[in-house]
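Have a look at the structure below, then the notes.
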Amino acid sequence: MKLKTSKTKKKKSGKQKKRNRQILTVTYLFVALFLGMMGYTCYYAITNQQELINNSYNSRQELLVAQNTRGTIYASGRQILAQTQTDENGDETRIYPYANMFAHVVGYASNGKYGIESLSNYYLINSNAKLSDKVASEVSGEKYPGDNVVTTLDVDLQEIAYQSLGAYKGAIIVSEPSTGKILAMVSKPDFDPNEIDAIWDGLLNDEESSVLLNRVTQGLYPPGSTFKIITALEYIRENTDSYSQYTFQCNGRFTYGQDTINCYHGTAHGQVDFIRSFAKSCNSSFANIGLQLDRSSFADTLEDLLFNEELPVSFAYNKSKLIIEESTSDSDIMQAAIGQGTTQITPLHLNMITNAIANDGVLMKPYLVDHVENYEGTLIKQFSPSTYKSLMSEEEAGILTELMQAVVESGTGTKLSGLAYTAAGKTGSAEYSSVKTDSHAWFTGFAPAENPEISVTIIIEGAGSGGDYAVPIAKRIFDAYFGV
């Protein structure tokens with residue numbers, strides 16, 4: 001009887017130990033999970049500090065706004081683009097000295113935030129003033145002076161772009177291919193950010209209004225003949241050793257099956273090779289080229305050039321769109337080859353592709369803020385050029401540059417030829433309605449052609465020919481930059 005009891009006790013003791021081990025295992029597991037969650041939360045809070053503070057639900061932002069005067073936004077030449085003025089009663093007003101001219105790129109800071117006001121909100125509402133200055137502010141009952149943001153924007157180039165667009169709707173972006181710096185960004189129609197509170201309700205209630213839309217980054221357009229840059233790249237990739245031997249007889253239109261592609265205004269270009277097809281922007285020849293392309297390879301090139309993909313920028317934008325599949329019809333591939341059909345692109349994205357060509361195939365990340373400083377000018381944070389990736393090989397970029405030089409020297413962009421600087425570019429006249437005479441005017445290009453310093457991408461809605469309307473604007477911008 002005693003033996004039995006002893007065995008029973010041993011069994012119970014063994015079960016208890018096993019149960020204890022299980023409980024300890026589960027405990028350790030939950031402790032590890034809890035510590036892991038705490039670690040991740042701390043890591044996320046540190047690495048995403050800006051996003052967390054900028055979140056409208058974060059009360060920390062309200063505390064910073066109440067404690068610090070919103071900082072000033074400067075152009076690269078130190079001109080004030082936005083500043084806060086405080087009256088004798090302590091009431092603050094955000095002032096935009098250039099009114100409509102920087103409306104979309106600088107944005108506004110009430111009724112939500114937009115543009116650089118949103119992009120740099122974290123820095124503008126913080127203060128890195130010296131402790132002694134903060135004490136002095138507290139004694140006098142004033143807010144701490146907020147940090148200031150110095151942008152990459154050039155006031156002179158912005159003004160020329162703004163004035164050149166005139167009463168037209170459209171967009172212009174000017175940038176530096178070797179760094180990704182954005183030097184100017186204009187979108188029309190525009191608004192006066194000084195009056196944003198007064199016009200806000202009217203804009204929201206007007207369903208037809210697109211005044212708040214930044215057409216540079218969010219406007220989706222058919223690229224028209226500027227897309228021939230991409231079509232040409234794909235043809236070169238598929239015919240590395242023979243593309244220069246290409247020839248085509250253009251009589252002003254190209255018919256394949258039930259579909260006909262017309263050259264602009266029905267112009268017959270005659271016998272054209274690959275370079276002349278590009279320089280003269282021959283729709284018939286490029287529709288013919290489109291039919292020869294491998295659909296799968298074309299889709300890969302579109303992916304390489306960031307179509308249907310995320311762009312490496314920190315501000316709001318729309319993705320450019322074009323889907324090419326094995327099942328894509330001949331009709332659709334002809335339209336795609338000349339930048340029509342379902343193809344849509346933003347001026348920002350086209351400018352990025354242009355910059356990659358100008359920079360030996362390498363795309364630099366576009367950026368708008370050069371550095372952050374406190375109110376005394378002490379550097380707080382420096383933003384430097386950053387490489388994204390190669391969109392194409394150096395050799396491919398060189399060939400495309402030659403093609404774009406031919407556009408200027410003997411094609412649709414001759415208004416840029418014979419100047420004190422050389423230029424390379426591509427024009428476009430993009431149909432956007434069933435009325436064939438309606439077209440957007442495009443230009444994208446860079447200068448000097450042999451050592452690019454500046455790139456320009458322009459769209460003028462409903463203007464007509466890119467060579468007639470967009471190229472002269474590009475010339476004004478280039479002239480200003482080179483001091484011609």
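The way I read the labels, and the way they are meant: chains A, B, ... in the order of the structure tokens, residue 1 as the first residue of every chain, and ligand 1 as the first ligand shown, with later ones counted on from there.
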Please extract the residues of region 160-354 of chain A with a backbone DSSP assignment of strand (DSSP E or B) and present them as a count of residues only.
34
Nearby residues (only C-alpha atoms) at most 10 Å from Pro366 (chain A), same-chain spacing under 5 positions excluded, as a PyMOL selection string
chain A and resi 175-177+179-182+311-315+348+351-352+355+385-388
Selection file, C-alpha atoms, as a PDB file, in the first residue's frame:
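Dumped everything to part-v9.pdb:
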ATOM      1  CA  SER A 175      15.576  70.073 -62.523  1.00  0.00           C
ATOM      2  CA  GLU A 176      19.238  69.193 -62.271  1.00  0.00           C
ATOM      3  CA  PRO A 177      19.940  65.730 -63.789  1.00  0.00           C
ATOM      4  CA  THR A 179      21.696  65.684 -58.469  1.00  0.00           C
ATOM      5  CA  GLY A 180      17.903  65.395 -58.703  1.00  0.00           C
ATOM      6  CA  LYS A 181      17.397  68.940 -57.385  1.00  0.00           C
ATOM      7  CA  ILE A 182      14.093  70.445 -58.499  1.00  0.00           C
ATOM      8  CA  LEU A 311       8.459  56.647 -57.738  1.00  0.00           C
ATOM      9  CA  PRO A 312      11.362  57.489 -55.389  1.00  0.00           C
ATOM     10  CA  VAL A 313       9.947  60.812 -54.190  1.00  0.00           C
ATOM     11  CA  SER A 314       8.704  62.005 -50.804  1.00  0.00           C
ATOM     12  CA  PHE A 315       5.788  64.117 -52.038  1.00  0.00           C
ATOM     13  CA  LEU A 348       7.371  64.565 -63.112  1.00  0.00           C
ATOM     14  CA  ASN A 351      11.302  64.538 -66.388  1.00  0.00           C
ATOM     15  CA  MET A 352      12.837  61.725 -64.341  1.00  0.00           C
ATOM     16  CA  ASN A 355      17.197  63.113 -66.292  1.00  0.00           C
ATOM     17  CA  PRO A 385      21.885  63.994 -53.786  1.00  0.00           C
ATOM     18  CA  SER A 386      20.970  60.319 -53.699  1.00  0.00           C
ATOM     19  CA  THR A 387      21.224  57.724 -56.465  1.00  0.00           C
ATOM     20  CA  TYR A 388      18.095  55.649 -57.054  1.00  0.00           C
TER      21      TYR A 388
END
Identify, with DSSP run on backbone atoms, the residues in region 386-440 of chain A assigned to helix (DSSP H, G or I), and express the list as a ChimeraX atom specification.
/A:394-410,414-416
Selection to disk with N, CA and C atoms, as a short mmCIF file (atom, residue, chain, number, x, y, z; two decimals), in the first residue's frame:
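Final file, again26.cif:
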data_model
loop_
_atom_site.label_atom_id
_atom_site.label_comp_id
_atom_site.auth_asym_id
_atom_site.auth_seq_id
_atom_site.Cartn_x
_atom_site.Cartn_y
_atom_site.Cartn_z
N GLU A 394 24.67 53.11 -69.85
CA GLU A 394 25.30 54.34 -70.31
C GLU A 394 25.28 54.43 -71.83
N GLU A 395 25.50 53.28 -72.49
CA GLU A 395 25.47 53.25 -73.96
C GLU A 395 24.08 53.60 -74.50
N GLU A 396 23.04 53.04 -73.88
CA GLU A 396 21.67 53.33 -74.30
C GLU A 396 21.35 54.81 -74.11
N ALA A 397 21.78 55.36 -72.98
CA ALA A 397 21.56 56.78 -72.71
C ALA A 397 22.26 57.64 -73.76
N GLY A 398 23.45 57.23 -74.17
CA GLY A 398 24.19 57.96 -75.19
C GLY A 398 23.49 57.95 -76.54
N ILE A 399 22.92 56.81 -76.91
CA ILE A 399 22.19 56.71 -78.18
C ILE A 399 20.94 57.58 -78.16
N LEU A 400 20.22 57.54 -77.05
CA LEU A 400 19.01 58.37 -76.93
C LEU A 400 19.36 59.86 -76.96
N THR A 401 20.49 60.22 -76.36
CA THR A 401 20.93 61.62 -76.41
C THR A 401 21.19 62.05 -77.85
N GLU A 402 21.81 61.18 -78.64
CA GLU A 402 22.05 61.48 -80.06
C GLU A 402 20.73 61.67 -80.81
N LEU A 403 19.78 60.82 -80.52
CA LEU A 403 18.46 60.95 -81.15
C LEU A 403 17.80 62.27 -80.77
N MET A 404 17.91 62.65 -79.50
CA MET A 404 17.29 63.88 -79.02
C MET A 404 18.03 65.12 -79.54
N GLN A 405 19.33 64.99 -79.79
CA GLN A 405 20.06 66.07 -80.43
C GLN A 405 19.59 66.27 -81.87
N ALA A 406 19.28 65.17 -82.54
CA ALA A 406 18.80 65.24 -83.92
C ALA A 406 17.46 65.97 -84.00
N VAL A 407 16.63 65.82 -82.95
CA VAL A 407 15.35 66.54 -82.89
C VAL A 407 15.60 68.04 -82.94
N VAL A 408 16.62 68.49 -82.19
CA VAL A 408 16.94 69.92 -82.13
C VAL A 408 17.64 70.40 -83.40
N GLU A 409 18.52 69.60 -83.92
CA GLU A 409 19.34 70.02 -85.06
C GLU A 409 18.59 69.97 -86.39
N SER A 410 17.70 68.98 -86.54
CA SER A 410 17.07 68.83 -87.86
C SER A 410 15.64 68.33 -87.81
N THR A 414 13.81 72.55 -83.75
CA THR A 414 14.89 73.41 -84.30
C THR A 414 14.91 74.82 -83.71
N LYS A 415 13.85 75.21 -83.01
CA LYS A 415 13.88 76.52 -82.34
C LYS A 415 14.95 76.56 -81.24
N LEU A 416 15.54 75.41 -80.91
CA LEU A 416 16.61 75.34 -79.92
C LEU A 416 17.98 75.16 -80.57
#
Between A:Ala420, A:Ala463, A:Ile345, A:Leu233, which one has atoms that come closest to Asn318 (chain A), using only C-alpha atoms?
A:Ile345
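Taking CA of Leu363 (chain A) as the reference point, CA of Leu350 (chain A) is found at 11.8 Å.
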Neighbour list for region 69-86 of chain A as JSON, numbers by chain, cut-off 9 Å, only C-alpha atoms, skip fewer than 2 positions in-chain:
{"A": [64, 65, 66, 67, 88, 89, 90, 91, 92, 93, 94, 95, 96, 97, 98, 99, 102, 106, 108, 116, 117, 121, 123, 124, 125, 126, 127, 142, 143, 144, 145, 146, 147, 148, 149, 150, 151, 152, 153, 154, 155, 183, 370, 374, 375]}
Pairwise distance, CA of Gln245 (chain A) with CA of Thr427 (chain A), equals 23.8 Å
If I take CA of Ile357 (chain A) and CA of Met392 (chain A), how far is one from the other in Å, to one decimal?
7.9 Å
Neighbouring residues of Gly166 (chain A) were defined as those with any atom within 12 Å, considering only C-alpha atoms; residues of the same chain fewer than 5 positions away were excluded. Please report them as an mmCIF file with C-alpha atoms, in the first residue's frame.
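The result, written out as out-v2.cif:
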data_model
loop_
_atom_site.group_PDB
_atom_site.id
_atom_site.type_symbol
_atom_site.label_atom_id
_atom_site.label_comp_id
_atom_site.auth_asym_id
_atom_site.auth_seq_id
_atom_site.Cartn_x
_atom_site.Cartn_y
_atom_site.Cartn_z
ATOM 1 C CA MET A 101 3.713 81.794 -58.386
ATOM 2 C CA GLU A 159 9.157 83.224 -62.524
ATOM 3 C CA ILE A 160 10.097 82.627 -66.166
ATOM 4 C CA ALA A 161 8.290 79.283 -66.211
ATOM 5 C CA ALA A 171 2.771 72.200 -65.994
ATOM 6 C CA ILE A 172 6.518 72.843 -66.058
ATOM 7 C CA VAL A 186 4.747 75.378 -61.954
ATOM 8 C CA SER A 187 1.174 74.161 -62.306
ATOM 9 C CA LYS A 188 -1.792 76.070 -63.742
ATOM 10 C CA PRO A 189 -4.553 76.909 -63.035
ATOM 11 C CA ASP A 190 -3.313 78.132 -59.690
ATOM 12 C CA ILE A 460 0.613 72.966 -72.317
ATOM 13 C CA GLU A 461 -2.940 71.664 -72.363
ATOM 14 C CA ALA A 463 -2.142 74.225 -77.254
ATOM 15 C CA TYR A 469 4.360 76.094 -78.225
ATOM 16 C CA ILE A 473 9.164 78.095 -73.418
#
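Minimum distance to Thr217 (chain A) across A:Gly202, A:Gly483, A:Gly467, A:Gly115 (counting only C-alpha atoms) occurs at A:Gly115.
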Asn288 (chain A): which residues within 10 Å, counting only C-alpha atoms, same-chain residues fewer than 6 positions away excluded, as number ranges by chain?
A: 248, 254-256, 261, 333-334, 337
Please, could you write that set of residues out with C-alpha atoms as a tab-separated table (two decimals), in the first residue's frame?
chain	number	residue	atom	x	y	z
A	248	PHE	CA	10.67	53.17	-93.67
A	254	PHE	CA	0.27	53.80	-91.81
A	255	THR	CA	-2.49	51.20	-92.16
A	256	TYR	CA	-2.37	47.76	-90.61
A	261	ILE	CA	-2.11	55.84	-87.82
A	333	ILE	CA	0.58	48.34	-79.51
A	334	MET	CA	0.57	50.81	-82.42
A	337	ALA	CA	4.26	53.12	-79.60
